[in-house]
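The structure under discussion appears below in the form of structure tokens.
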Amino acid sequence: MSAAPDLTLWGVGTSRTIRPHWAMHELGLAYTTKPIGPRTGETKTAEYTKLNPRQKVPLLQDGDFAIGESAAIVAYLSRMYSTKERSLIPEAPRDYAAWLEWCFFVVAELDSTSLYVMRRHRADALGPIYGIAPEVVAQAGEYFRQQLRHVEVALGDGRQFLMGDKFTSADILLTTCLDWAILYGVGICDNAKPYLERIQARDAYQLAKKANVPLAPITPVPAPAKA
Ligand SMILES: N[C@@H](CCC(=O)N[C@@H](CS)C(=O)NCC(=O)O)C(=O)O
């Protein structure tokens, strides 16, 4: 019998950190949480920088292996720890390719190009560091709504999940962006509303939300003064 995996997940409190917590719960994996938060200085310690030179959360340690980037961690967990009973990844090559397409679409178009741009330039988020820019925020929100039309069309055929009738980790990525968009007042498309309700009712989602709560409110450390 193989030994149980030795999994440690670093990071709580963000739309990115909840993703691997959720994948862990979907797969029924036991793991240790290191509840460090963003912009607290905890990602900059010597111990953490050695593990993750990018100084970002989340980060997963699986024994002597470490991997960052939330979508990559979720993909790794899906590939390594899916079983017949609990699977987050399609096996057939073309289904796998379609799954990858959704994962990249969500991360590139919905997260990085839209919501994260809003985060960087909102006055109540990272704007004081990267520049407060209401026009950029509005445009990024509009781009999010445009891109979400692809989700609207896909879900329009009555499918339960992005890949059809099976929940996969592409749904984890999409749901975290839908939650994020609602938080930012962007609004989501019609077909995503019942989809989101269905997914938010999952036990693993509820458990991940709890696991992603910081031990104490995140108090950002001031950004270093610009030279
Ligand atoms: N693309 C990365 C983004 C990770 C990221 O930007 N994490 C932020 C928090 S959401 C962070 O750790 N920033 C460094 C810090 O705040 O100390 C991912 O999806 O994992």
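Chain identifiers are assigned as A, B, and so on, following the order in which chains appear in the structure tokens; residues are numbered from 1 within each chain, and ligands are numbered from 1 in order of appearance.
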
Quiz prompt | Selection: 7 Å around region 190-205 of chain A, only C-alpha atoms, excl. self and same-chain fewer than 6 positions, as a count of residues only | solution = 8

- Task: Check which residues fall inside 8 Å of ligand 1 when counting only C-alpha atoms and all ligand atoms, and print them as a ChimeraX atom specification.
- Result: /A:11,14-17,37-44,55-59,68-72,107,112

Go ahead and save the picked residues with N, CA and C atoms, as a compact mmCIF listing (two decimals), in the first residue's frame.
# COMPACT_ATOMS: atom_id res chain seq x y z
N GLY A 11 -1.06 29.61 1.82
CA GLY A 11 -1.84 30.72 1.31
C GLY A 11 -3.32 30.60 1.59
N THR A 14 -7.54 34.68 -0.71
CA THR A 14 -7.74 35.32 -2.02
C THR A 14 -8.49 34.39 -2.97
N SER A 15 -8.88 34.99 -4.10
CA SER A 15 -9.59 34.22 -5.14
C SER A 15 -8.69 33.16 -5.75
N ARG A 16 -7.39 33.38 -5.65
CA ARG A 16 -6.45 32.39 -6.19
C ARG A 16 -6.19 31.28 -5.16
N THR A 17 -6.06 31.66 -3.90
CA THR A 17 -5.72 30.62 -2.90
C THR A 17 -6.86 29.63 -2.68
N GLY A 37 -0.92 35.22 4.24
CA GLY A 37 -1.77 36.05 3.39
C GLY A 37 -0.95 36.94 2.48
N PRO A 38 -1.61 37.47 1.44
CA PRO A 38 -0.91 38.37 0.53
C PRO A 38 -0.69 39.73 1.16
N ARG A 39 0.35 40.40 0.74
CA ARG A 39 0.65 41.78 1.17
C ARG A 39 0.77 41.93 2.68
N THR A 40 1.20 40.86 3.34
CA THR A 40 1.38 40.91 4.79
C THR A 40 2.86 40.87 5.13
N GLY A 41 3.68 40.64 4.13
CA GLY A 41 5.11 40.45 4.37
C GLY A 41 5.44 38.96 4.51
N GLU A 42 4.39 38.13 4.69
CA GLU A 42 4.66 36.70 4.93
C GLU A 42 5.17 35.99 3.69
N THR A 43 4.89 36.54 2.49
CA THR A 43 5.41 35.90 1.28
C THR A 43 6.86 36.32 1.00
N LYS A 44 7.35 37.24 1.83
CA LYS A 44 8.70 37.78 1.58
C LYS A 44 9.75 37.24 2.55
N GLN A 55 7.54 34.64 -4.59
CA GLN A 55 6.98 35.31 -3.40
C GLN A 55 5.48 35.55 -3.52
N LYS A 56 4.78 34.54 -4.02
CA LYS A 56 3.33 34.66 -4.17
C LYS A 56 2.64 33.45 -3.56
N VAL A 57 1.39 33.64 -3.21
CA VAL A 57 0.55 32.51 -2.81
C VAL A 57 -0.52 32.35 -3.88
N PRO A 58 -1.00 31.09 -4.08
CA PRO A 58 -0.71 29.89 -3.31
C PRO A 58 0.56 29.16 -3.79
N LEU A 59 0.99 28.23 -2.92
CA LEU A 59 2.08 27.31 -3.25
C LEU A 59 1.74 25.97 -2.62
N GLY A 68 3.87 26.34 -7.72
CA GLY A 68 3.06 27.55 -7.53
C GLY A 68 2.11 27.73 -8.70
N GLU A 69 1.48 28.88 -8.77
CA GLU A 69 0.45 29.23 -9.76
C GLU A 69 -0.82 28.39 -9.49
N SER A 70 -1.86 29.10 -9.09
CA SER A 70 -3.07 28.40 -8.64
C SER A 70 -3.61 27.40 -9.68
N ALA A 71 -3.63 27.81 -10.95
CA ALA A 71 -4.21 26.91 -11.96
C ALA A 71 -3.31 25.69 -12.16
N ALA A 72 -1.99 25.90 -12.05
CA ALA A 72 -1.07 24.77 -12.22
C ALA A 72 -1.19 23.81 -11.02
N VAL A 107 -8.15 31.58 -16.94
CA VAL A 107 -7.00 32.23 -16.30
C VAL A 107 -6.53 33.45 -17.11
N SER A 112 -6.57 37.16 -15.47
CA SER A 112 -5.44 38.09 -15.66
C SER A 112 -5.79 39.35 -16.44

For the structure I just gave you, how does DSSP split region 41-93 of chain A - specifically, which residues are strand (DSSP E)? Reply as a PyMOL selection string.
chain A and resi 59-62+65-68

The distance between CA of Thr8 (chain A) and CA of Lys209 (chain A) is 17.2 Å

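Minimum atom-to-atom distance to Tyr143 (chain A), evaluated using only C-alpha atoms, belongs to A:Glu109 out of A:Glu109, A:Asp64, A:Asp171, A:Ala125.
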
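Shell of Ala170 (chain A) at 10 Å, with only C-alpha atoms counted and residues fewer than 6 places along the chain excluded, is Ala71, Val74, Ala75, Leu88, Ile89, Ala98, Trp99, Leu100, Glu101, Trp102, Cys103, Phe104, Phe105, Val106, Val107, Phe161, Leu162 and Met163 of chain A.
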